[in-house]
Amino acid sequence: MAKASEIKNEDSIEIVEAYYCTECKRNHTKGKIYKEHLQFAKIENDGEEITEDDELELNKDDYSEQEEIDLAEEIEDTDLEEDIEFEEDDDFDIGEKILNDDVQNCVEAVKKLPGVGEATLKKLIKAGFNSLESIAYTPPSIIQEESGLGDKTTVRLIKASMEKLNIGFKSAEDVWEHRKNIARISTGSQELDDLLGGGLETGCVTEFFGEFRTGKTQIMHQLCVNVQLSREKGGLEGNALYIDTEGTFRPERIIQMSEALDLDHKKVLKNIVFGRAYNSDHQILLIKEAANLIKERNIKVIVVDSLIGHFRSEYIGRGTLANRQQLINSHLHDLLRLADIHPELGIVVTNQVQSKPDVFYGNPLQATGGNVVAHGSTIRIYLRKGKGEQRVAKMVDAPHLPEGEAVFSITENGISD
Ligand code: ADP
Ligand code: MG
């Protein structure tokens, strides 16, 4: 089945009546329909409404059995272990032991939910739902889809998890208790920290966007080092998870930055869990898997460099835009959910800018991903080049932070004023 973007114009036919196309997942009121989509089109007012089942039935033909097998294999292939080296820690210390106990406690809590037997537990854990929080905060459809559990079971599990966690209405005092855990990670530049209200805020998603070579990747590297610092020095004594979609992660830079801070670079490298995402599916999967690593590996910052690149190159053309935006939206929500569950986790993403030549005033550069990304990220910083090694960061629509600009530098030692 060709993607809409691959179908030539001559292949489409004029259609007068409104129809619902399950391939495009929307109603077309006028215009052309792709011949190859015709089988999916349901003419409106023909007395029949499209139900979800119909849609499934119609979509069935989309995948041949072989394709399904390929897909399954691909998922196996993308197993995290391939990208992330889990070294057996030679200096396994008490701290780590406590953390592992922590994960164990979370799993125990899930196990204690009513009706959770070995089989259900296995499915939940395999799909990444290894804590009450991860179950309570995920929409039922997603849990169902990923774990393969039935809808009634899913709803019951969510309800029970919410009860155990006291979710529902709560006092402002409880909200305050949660907000109290929100922390900051220093970027290495006092000015940039000030712009951010004291460093990268945890418990939300921050986006750095800008043109090529404006320092996005450098800031990501620096945050992975700085998060490991003590709290007095601007860190969170935690580890980092780095998802690299562009192949620009450089351990050499981590070593340089560590040495500038008098840190043992071997330890610093060891504390960065690295995943290379080769395509958008892989990227989505890595973030889903990340949910399991946060407690296990004491992750305090997650980096996605860059967020949109793969989606942009894989979904080209108008016909695929809606689909692409939907995927980006759901990926971003995975990230926002992680931020919600873990108030002490910083999530930072980068975004390319796209030149929009049809804009004659204002800044013609716009972050890619459109509105979806603009509304999904909570804090957005626009980067541009200054003189020499200087870069300028500008806060873009952050409701609780003052507008302003910060100038910082990129040197061999990393990010500084
Ligand atoms: P982006 O991700 O926004 O495309 P980068 O974060 O890769 O940009 O930033 C690239 C810039 O960082 C380079 O132009 C250079 O100025 C600076 N840079 C990278 N490595 C070093 C280094 N070792 N020493 C000094 N500056 C560096
Ligand atoms: Mg980069």
# chains A, B, ... in the order shown; residues from 1 in each chain; ligands from 1
$ residues_near_ligand --ligand "ligand 2" --cutoff "8 Å" --atoms "only C-alpha atoms and all ligand atoms" --output "VMD selection string"
chain A and resid 212 to 213 215 to 218 246 248 305 to 306 350
$ residues_around --residues "Gln283 of chain A" --least-positions-apart "2" --cutoff "9 Å" --atoms "only C-alpha atoms" --output "ChimeraX atom specification"
/A:243-245,275-281,285-288,304,307,310,331
$ residues_around --residues "Thr138 of chain A" --least-positions-apart "6" --cutoff "12 Å" --atoms "only C-alpha atoms" --output "PyMOL selection string"
chain A and resi 127-129+131-132+144-147+154-155+157-159+161-162+288+291+330+333-338+340-341
$ write_last_selection --atoms "N, CA and C atoms" --output "PDB file, in the first residue's frame"
ATOM      1  N   ALA A 127       5.698  -4.358  29.259  1.00  0.00           N
ATOM      2  CA  ALA A 127       5.268  -3.167  28.517  1.00  0.00           C
ATOM      3  C   ALA A 127       5.734  -1.883  29.198  1.00  0.00           C
ATOM      4  N   GLY A 128       6.481  -2.014  30.288  1.00  0.00           N
ATOM      5  CA  GLY A 128       7.034  -0.815  30.928  1.00  0.00           C
ATOM      6  C   GLY A 128       6.211  -0.258  32.079  1.00  0.00           C
ATOM      7  N   PHE A 129       5.164  -0.970  32.480  1.00  0.00           N
ATOM      8  CA  PHE A 129       4.340  -0.467  33.577  1.00  0.00           C
ATOM      9  C   PHE A 129       4.729  -1.167  34.882  1.00  0.00           C
ATOM     10  N   SER A 131       5.268   0.409  37.878  1.00  0.00           N
ATOM     11  CA  SER A 131       4.963   1.128  39.113  1.00  0.00           C
ATOM     12  C   SER A 131       3.504   1.571  39.077  1.00  0.00           C
ATOM     13  N   LEU A 132       2.972   1.858  40.259  1.00  0.00           N
ATOM     14  CA  LEU A 132       1.577   2.326  40.324  1.00  0.00           C
ATOM     15  C   LEU A 132       1.434   3.612  39.527  1.00  0.00           C
ATOM     16  N   GLN A 144      -3.543  -0.870  27.254  1.00  0.00           N
ATOM     17  CA  GLN A 144      -4.117  -2.026  26.566  1.00  0.00           C
ATOM     18  C   GLN A 144      -3.282  -2.435  25.366  1.00  0.00           C
ATOM     19  N   GLU A 145      -2.995  -1.449  24.568  1.00  0.00           N
ATOM     20  CA  GLU A 145      -2.264  -1.686  23.331  1.00  0.00           C
ATOM     21  C   GLU A 145      -0.888  -2.282  23.605  1.00  0.00           C
ATOM     22  N   GLU A 146      -0.243  -1.751  24.625  1.00  0.00           N
ATOM     23  CA  GLU A 146       1.134  -2.167  24.840  1.00  0.00           C
ATOM     24  C   GLU A 146       1.292  -3.427  25.670  1.00  0.00           C
ATOM     25  N   SER A 147       0.332  -3.675  26.546  1.00  0.00           N
ATOM     26  CA  SER A 147       0.477  -4.846  27.403  1.00  0.00           C
ATOM     27  C   SER A 147      -0.315  -6.032  26.866  1.00  0.00           C
ATOM     28  N   THR A 154      -7.692  -3.449  32.374  1.00  0.00           N
ATOM     29  CA  THR A 154      -6.925  -2.194  32.350  1.00  0.00           C
ATOM     30  C   THR A 154      -7.590  -1.122  33.195  1.00  0.00           C
ATOM     31  N   VAL A 155      -8.885  -0.942  32.966  1.00  0.00           N
ATOM     32  CA  VAL A 155      -9.604   0.097  33.711  1.00  0.00           C
ATOM     33  C   VAL A 155      -9.558  -0.197  35.213  1.00  0.00           C
ATOM     34  N   LEU A 157      -7.260  -1.845  36.830  1.00  0.00           N
ATOM     35  CA  LEU A 157      -5.900  -1.604  37.325  1.00  0.00           C
ATOM     36  C   LEU A 157      -5.634  -0.109  37.518  1.00  0.00           C
ATOM     37  N   ILE A 158      -6.105   0.687  36.565  1.00  0.00           N
ATOM     38  CA  ILE A 158      -5.891   2.138  36.668  1.00  0.00           C
ATOM     39  C   ILE A 158      -6.621   2.684  37.895  1.00  0.00           C
ATOM     40  N   LYS A 159      -7.870   2.240  38.052  1.00  0.00           N
ATOM     41  CA  LYS A 159      -8.667   2.707  39.193  1.00  0.00           C
ATOM     42  C   LYS A 159      -7.969   2.361  40.502  1.00  0.00           C
ATOM     43  N   SER A 161      -4.831   1.669  41.027  1.00  0.00           N
ATOM     44  CA  SER A 161      -3.568   2.409  41.195  1.00  0.00           C
ATOM     45  C   SER A 161      -3.849   3.835  41.651  1.00  0.00           C
ATOM     46  N   MET A 162      -4.886   4.435  41.059  1.00  0.00           N
ATOM     47  CA  MET A 162      -5.222   5.811  41.430  1.00  0.00           C
ATOM     48  C   MET A 162      -5.647   5.886  42.891  1.00  0.00           C
ATOM     49  N   LYS A 288       9.727   4.844  25.675  1.00  0.00           N
ATOM     50  CA  LYS A 288       8.845   3.963  26.445  1.00  0.00           C
ATOM     51  C   LYS A 288       9.668   3.079  27.378  1.00  0.00           C
ATOM     52  N   ALA A 291      11.091   4.617  30.732  1.00  0.00           N
ATOM     53  CA  ALA A 291      10.269   4.638  31.942  1.00  0.00           C
ATOM     54  C   ALA A 291      10.779   3.641  32.971  1.00  0.00           C
ATOM     55  N   SER A 330       1.898  12.210  20.391  1.00  0.00           N
ATOM     56  CA  SER A 330       1.855  11.117  21.356  1.00  0.00           C
ATOM     57  C   SER A 330       3.251  10.871  21.960  1.00  0.00           C
ATOM     58  N   HIS A 333       3.748  13.453  24.540  1.00  0.00           N
ATOM     59  CA  HIS A 333       2.970  13.140  25.740  1.00  0.00           C
ATOM     60  C   HIS A 333       3.629  12.069  26.586  1.00  0.00           C
ATOM     61  N   ASP A 334       4.311  11.143  25.931  1.00  0.00           N
ATOM     62  CA  ASP A 334       5.078  10.153  26.701  1.00  0.00           C
ATOM     63  C   ASP A 334       6.095  10.880  27.581  1.00  0.00           C
ATOM     64  N   LEU A 335       6.723  11.892  26.988  1.00  0.00           N
ATOM     65  CA  LEU A 335       7.740  12.657  27.734  1.00  0.00           C
ATOM     66  C   LEU A 335       7.095  13.479  28.851  1.00  0.00           C
ATOM     67  N   LEU A 336       5.988  14.140  28.524  1.00  0.00           N
ATOM     68  CA  LEU A 336       5.315  14.965  29.530  1.00  0.00           C
ATOM     69  C   LEU A 336       4.828  14.110  30.699  1.00  0.00           C
ATOM     70  N   ARG A 337       4.397  12.908  30.371  1.00  0.00           N
ATOM     71  CA  ARG A 337       3.910  12.011  31.422  1.00  0.00           C
ATOM     72  C   ARG A 337       5.055  11.636  32.364  1.00  0.00           C
ATOM     73  N   LEU A 338       6.209  11.351  31.780  1.00  0.00           N
ATOM     74  CA  LEU A 338       7.376  11.025  32.609  1.00  0.00           C
ATOM     75  C   LEU A 338       7.697  12.186  33.545  1.00  0.00           C
ATOM     76  N   ASP A 340       5.645  14.381  34.656  1.00  0.00           N
ATOM     77  CA  ASP A 340       4.591  14.470  35.661  1.00  0.00           C
ATOM     78  C   ASP A 340       4.782  13.468  36.789  1.00  0.00           C
ATOM     79  N   ILE A 341       5.189  12.276  36.400  1.00  0.00           N
ATOM     80  CA  ILE A 341       5.356  11.219  37.395  1.00  0.00           C
ATOM     81  C   ILE A 341       6.583  11.470  38.253  1.00  0.00           C
TER      82      ILE A 341
END
$ closest_residue --among "A:Ile182, A:Ala136, A:Val303, A:Leu192" --to "Arg391 of chain A" --atoms "only C-alpha atoms"
A:Leu192
$ select_by_dssp --residues "segment 194-322 of chain A" --states "strand (DSSP E)" --output "list in words"
Leu200, Glu201, Val205, Thr206, Glu207, Phe208, Phe209, Gly210, Asn239, Ala240, Leu241, Tyr242, Ile243, Asp244, Ile272, Val273, Phe274, Gly275, Arg276, Ile299, Lys300, Val301, Ile302, Val303, Val304 and Asp305 of chain A
$ closest_atom_pairs --of "chain A" --to "ligand 1" --cutoff "10 Å" --atoms "only C-alpha atoms and all ligand atoms" --output "tab-separated table"
residue	atom	partner	partner_atom_place_in_ligand_line	distance
A:Phe208	CA	ligand 1	3 (O)	8.7
A:Phe209	CA	ligand 1	3 (O)	7.8
A:Gly210	CA	ligand 1	3 (O)	6.3
A:Glu211	CA	ligand 1	3 (O)	6.0
A:Phe212	CA	ligand 1	4 (O)	3.7
A:Arg213	CA	ligand 1	8 (O)	3.2
A:Thr214	CA	ligand 1	3 (O)	3.9
A:Gly215	CA	ligand 1	6 (O)	3.2
A:Lys216	CA	ligand 1	3 (O)	3.8
A:Thr217	CA	ligand 1	6 (O)	3.4
A:Gln218	CA	ligand 1	6 (O)	3.8
A:Ile219	CA	ligand 1	6 (O)	6.4
A:Met220	CA	ligand 1	6 (O)	7.7
A:His221	CA	ligand 1	6 (O)	8.4
A:Gln222	CA	ligand 1	6 (O)	9.9
A:Glu246	CA	ligand 1	2 (O)	9.4
A:Thr248	CA	ligand 1	7 (O)	7.3
A:Phe249	CA	ligand 1	7 (O)	9.0
A:Arg250	CA	ligand 1	20 (N)	9.3
A:Glu252	CA	ligand 1	23 (N)	8.5
A:Arg253	CA	ligand 1	23 (N)	6.4
A:Ile254	CA	ligand 1	23 (N)	9.9
A:Gln256	CA	ligand 1	23 (N)	7.6
A:Met257	CA	ligand 1	23 (N)	9.1
A:Asp305	CA	ligand 1	2 (O)	8.0
A:Ser306	CA	ligand 1	2 (O)	8.5
A:Thr350	CA	ligand 1	2 (O)	7.9
A:Asn351	CA	ligand 1	3 (O)	8.7
A:Gln352	CA	ligand 1	3 (O)	7.9
A:Val353	CA	ligand 1	3 (O)	9.9
A:Leu383	CA	ligand 1	3 (O)	8.0
A:Arg384	CA	ligand 1	3 (O)	8.8
A:Lys385	CA	ligand 1	14 (O)	9.1
A:Gly388	CA	ligand 1	16 (O)	7.7
A:Glu389	CA	ligand 1	16 (O)	5.6
A:Gln390	CA	ligand 1	16 (O)	8.3
A:Arg391	CA	ligand 1	16 (O)	9.1
A:Ser409	CA	ligand 1	26 (N)	8.6
A:Ile410	CA	ligand 1	26 (N)	5.2
A:Thr411	CA	ligand 1	25 (C)	3.9
A:Glu412	CA	ligand 1	24 (N)	3.4
A:Asn413	CA	ligand 1	24 (N)	6.9
A:Gly414	CA	ligand 1	24 (N)	7.1
A:Ile415	CA	ligand 1	26 (N)	8.9
$ write_last_selection --atoms "N, CA and C atoms" --output "compact mmCIF listing (two decimals), in the first residue's frame"
# COMPACT_ATOMS: atom_id res chain seq x y z
N PHE A 208 15.07 23.36 23.54
CA PHE A 208 16.01 24.31 22.98
C PHE A 208 15.91 24.22 21.48
N PHE A 209 15.56 25.32 20.83
CA PHE A 209 15.52 25.26 19.38
C PHE A 209 16.34 26.37 18.76
N GLY A 210 16.84 26.08 17.60
CA GLY A 210 17.70 27.05 16.93
C GLY A 210 18.33 26.42 15.71
N GLU A 211 19.05 27.26 14.97
CA GLU A 211 19.70 26.78 13.76
C GLU A 211 20.87 25.86 14.10
N PHE A 212 21.40 25.28 13.06
CA PHE A 212 22.58 24.44 13.11
C PHE A 212 23.74 25.19 13.79
N ARG A 213 24.47 24.52 14.66
CA ARG A 213 25.65 25.07 15.35
C ARG A 213 25.37 26.21 16.33
N THR A 214 24.16 26.23 16.87
CA THR A 214 23.88 27.27 17.86
C THR A 214 24.14 26.77 19.28
N GLY A 215 24.55 25.49 19.41
CA GLY A 215 24.96 24.99 20.72
C GLY A 215 23.96 24.08 21.41
N LYS A 216 22.95 23.63 20.67
CA LYS A 216 21.94 22.76 21.28
C LYS A 216 22.58 21.49 21.82
N THR A 217 23.34 20.82 20.97
CA THR A 217 23.96 19.55 21.36
C THR A 217 24.98 19.75 22.49
N GLN A 218 25.68 20.89 22.46
CA GLN A 218 26.66 21.16 23.51
C GLN A 218 25.96 21.31 24.87
N ILE A 219 24.83 22.01 24.87
CA ILE A 219 24.08 22.18 26.13
C ILE A 219 23.61 20.81 26.64
N MET A 220 23.18 19.95 25.73
CA MET A 220 22.72 18.61 26.12
C MET A 220 23.86 17.83 26.79
N HIS A 221 25.04 17.91 26.19
CA HIS A 221 26.20 17.22 26.78
C HIS A 221 26.48 17.76 28.18
N GLN A 222 26.46 19.09 28.29
CA GLN A 222 26.80 19.71 29.57
C GLN A 222 25.81 19.30 30.67
N GLU A 246 20.65 11.94 15.93
CA GLU A 246 21.42 12.48 14.81
C GLU A 246 22.85 11.95 14.75
N THR A 248 25.24 12.64 16.94
CA THR A 248 26.18 13.72 17.28
C THR A 248 26.67 13.65 18.73
N PHE A 249 26.32 12.57 19.43
CA PHE A 249 26.84 12.44 20.81
C PHE A 249 28.34 12.12 20.74
N ARG A 250 29.14 12.85 21.53
CA ARG A 250 30.59 12.64 21.53
C ARG A 250 31.11 12.44 22.94
N GLU A 252 34.03 12.18 23.82
CA GLU A 252 35.21 13.05 23.99
C GLU A 252 34.82 14.38 24.62
N ARG A 253 33.67 14.91 24.22
CA ARG A 253 33.21 16.18 24.79
C ARG A 253 32.87 16.02 26.26
N ILE A 254 32.28 14.87 26.59
CA ILE A 254 31.93 14.59 28.00
C ILE A 254 33.22 14.56 28.82
N GLN A 256 36.11 16.07 28.17
CA GLN A 256 36.61 17.46 28.31
C GLN A 256 35.81 18.22 29.38
N MET A 257 34.50 18.10 29.31
CA MET A 257 33.66 18.84 30.27
C MET A 257 33.85 18.33 31.69
N ASP A 305 17.92 14.44 21.55
CA ASP A 305 18.60 15.34 20.60
C ASP A 305 18.63 14.66 19.24
N SER A 306 17.76 14.98 18.28
CA SER A 306 16.71 15.97 18.37
C SER A 306 15.34 15.30 18.34
N THR A 350 15.82 18.95 21.88
CA THR A 350 16.26 19.98 20.95
C THR A 350 15.36 19.92 19.72
N ASN A 351 15.35 21.00 19.01
CA ASN A 351 14.50 21.10 17.83
C ASN A 351 15.21 21.95 16.78
N GLN A 352 15.14 21.49 15.56
CA GLN A 352 15.75 22.27 14.48
C GLN A 352 14.83 23.42 14.13
N VAL A 353 15.36 24.40 13.45
CA VAL A 353 14.46 25.42 12.95
C VAL A 353 14.37 25.31 11.45
N LEU A 383 17.72 29.68 20.49
CA LEU A 383 19.16 29.95 20.47
C LEU A 383 19.57 30.57 19.14
N ARG A 384 20.48 31.54 19.24
CA ARG A 384 21.05 32.06 17.99
C ARG A 384 22.52 32.39 18.23
N LYS A 385 23.23 32.57 17.14
CA LYS A 385 24.66 32.83 17.25
C LYS A 385 24.94 34.27 17.62
N GLY A 388 31.66 35.20 17.72
CA GLY A 388 32.62 34.15 18.02
C GLY A 388 32.00 32.97 18.73
N GLU A 389 32.51 32.71 19.94
CA GLU A 389 32.00 31.55 20.67
C GLU A 389 30.72 31.87 21.44
N GLN A 390 30.27 33.11 21.33
CA GLN A 390 29.07 33.51 22.08
C GLN A 390 27.78 33.05 21.41
N ARG A 391 26.81 32.75 22.28
CA ARG A 391 25.49 32.37 21.80
C ARG A 391 24.46 33.13 22.62
N SER A 409 28.71 31.26 26.47
CA SER A 409 29.77 30.89 25.53
C SER A 409 29.92 29.38 25.46
N ILE A 410 30.42 28.91 24.32
CA ILE A 410 30.79 27.50 24.20
C ILE A 410 32.30 27.47 24.05
N THR A 411 32.97 26.88 25.03
CA THR A 411 34.43 26.77 24.95
C THR A 411 34.81 25.30 25.03
N GLU A 412 36.10 25.07 25.00
CA GLU A 412 36.57 23.69 25.11
C GLU A 412 36.09 23.06 26.42
N ASN A 413 35.97 23.90 27.47
CA ASN A 413 35.52 23.42 28.78
C ASN A 413 34.02 23.18 28.85
N GLY A 414 33.31 23.60 27.83
CA GLY A 414 31.87 23.41 27.84
C GLY A 414 31.13 24.72 27.85
N ILE A 415 29.93 24.70 28.45
CA ILE A 415 29.09 25.90 28.48
C ILE A 415 29.53 26.78 29.65
$ residues_around --residues "His400 of chain A" --least-positions-apart "5" --cutoff "12 Å" --atoms "only C-alpha atoms" --output "PyMOL selection string"
chain A and resi 195-197+378-379+395
$ residues_around --residues "Ala119 of chain A" --least-positions-apart "5" --cutoff "12 Å" --atoms "only C-alpha atoms" --output "PyMOL selection string"
chain A and resi 111+124-126+147-149
$ write_last_selection --atoms "N, CA and C atoms" --output "mmCIF file, in the first residue's frame"
data_model
loop_
_atom_site.group_PDB
_atom_site.id
_atom_site.type_symbol
_atom_site.label_atom_id
_atom_site.label_comp_id
_atom_site.auth_asym_id
_atom_site.auth_seq_id
_atom_site.Cartn_x
_atom_site.Cartn_y
_atom_site.Cartn_z
ATOM 1 N N LYS A 111 2.161 -5.668 42.079
ATOM 2 C CA LYS A 111 1.805 -7.074 42.323
ATOM 3 C C LYS A 111 0.642 -7.177 43.312
ATOM 4 N N LEU A 124 2.552 -6.517 32.253
ATOM 5 C CA LEU A 124 2.677 -5.103 32.634
ATOM 6 C C LEU A 124 4.136 -4.668 32.622
ATOM 7 N N ILE A 125 4.972 -5.486 33.230
ATOM 8 C CA ILE A 125 6.390 -5.112 33.332
ATOM 9 C C ILE A 125 7.036 -5.073 31.959
ATOM 10 N N LYS A 126 6.688 -6.066 31.156
ATOM 11 C CA LYS A 126 7.263 -6.115 29.818
ATOM 12 C C LYS A 126 6.903 -4.875 29.002
ATOM 13 N N SER A 147 0.332 -3.675 26.546
ATOM 14 C CA SER A 147 0.477 -4.846 27.403
ATOM 15 C C SER A 147 -0.315 -6.032 26.866
ATOM 16 N N GLY A 148 -1.321 -5.724 26.040
ATOM 17 C CA GLY A 148 -2.159 -6.800 25.528
ATOM 18 C C GLY A 148 -3.227 -7.235 26.524
ATOM 19 N N LEU A 149 -3.386 -6.489 27.620
ATOM 20 C CA LEU A 149 -4.420 -6.820 28.600
ATOM 21 C C LEU A 149 -5.787 -6.345 28.091
#
$ atom_distance --atom1 "atom CA of Leu200 of chain A" --atom2 "atom CA of Val227 of chain A"
9.9 Å
$ closest_residue --among "A:Ile143, A:Leu327, A:Ala160, A:Leu263" --to "Pro114 of chain A" --atoms "only C-alpha atoms"
A:Ala160
$ atom_distance --atom1 "atom CA of Val349 of chain A" --atom2 "atom CA of Val205 of chain A"
7.4 Å
$ closest_residue --among "A:Glu237, A:Glu173, A:Glu201, A:Asp194" --to "Asn271 of chain A" --atoms "only C-alpha atoms"
A:Glu237
$ residues_around --residues "Val396 of chain A" --least-positions-apart "4" --cutoff "9 Å" --atoms "only C-alpha atoms" --output "PyMOL selection string"
chain A and resi 379-382+403-404
$ write_last_selection --atoms "C-alpha atoms" --output "PDB file, in the first residue's frame"
ATOM      1  CA  ILE A 379       9.589  25.899  28.487  1.00  0.00           C
ATOM      2  CA  ARG A 380      11.043  26.946  25.132  1.00  0.00           C
ATOM      3  CA  ILE A 381      14.380  28.591  24.528  1.00  0.00           C
ATOM      4  CA  TYR A 382      15.415  29.990  21.180  1.00  0.00           C
ATOM      5  CA  GLU A 403      10.979  37.413  28.988  1.00  0.00           C
ATOM      6  CA  GLY A 404      14.613  38.074  28.428  1.00  0.00           C
TER       7      GLY A 404
END
$ atom_distance --atom1 "atom CA of Ala393 of chain A" --atom2 "atom CA of Phe408 of chain A"
7.8 Å
$ decode --residues "segment 325-350 of chain A" --atoms "C-alpha atoms" --output "compact mmCIF listing (two decimals), in the first residue's frame"
# COMPACT_ATOMS: atom_id res chain seq x y z
CA GLN A 325 1.66 15.36 13.94
CA GLN A 326 -0.31 12.70 15.74
CA LEU A 327 2.80 10.61 16.29
CA ILE A 328 4.84 13.58 17.48
CA ASN A 329 2.02 14.53 19.79
CA SER A 330 1.86 11.12 21.36
CA HIS A 331 5.65 10.94 21.68
CA LEU A 332 5.69 14.30 23.40
CA HIS A 333 2.97 13.14 25.74
CA ASP A 334 5.08 10.15 26.70
CA LEU A 335 7.74 12.66 27.73
CA LEU A 336 5.32 14.97 29.53
CA ARG A 337 3.91 12.01 31.42
CA LEU A 338 7.38 11.02 32.61
CA ALA A 339 7.90 14.59 33.81
CA ASP A 340 4.59 14.47 35.66
CA ILE A 341 5.36 11.22 37.39
CA HIS A 342 8.90 12.17 38.37
CA PRO A 343 9.08 15.69 39.76
CA GLU A 344 12.85 15.40 40.12
CA LEU A 345 13.48 14.44 36.50
CA GLY A 346 14.52 17.05 33.98
CA ILE A 347 13.50 16.42 30.37
CA VAL A 348 15.20 18.41 27.67
CA VAL A 349 14.75 18.19 23.92
CA THR A 350 16.26 19.98 20.95
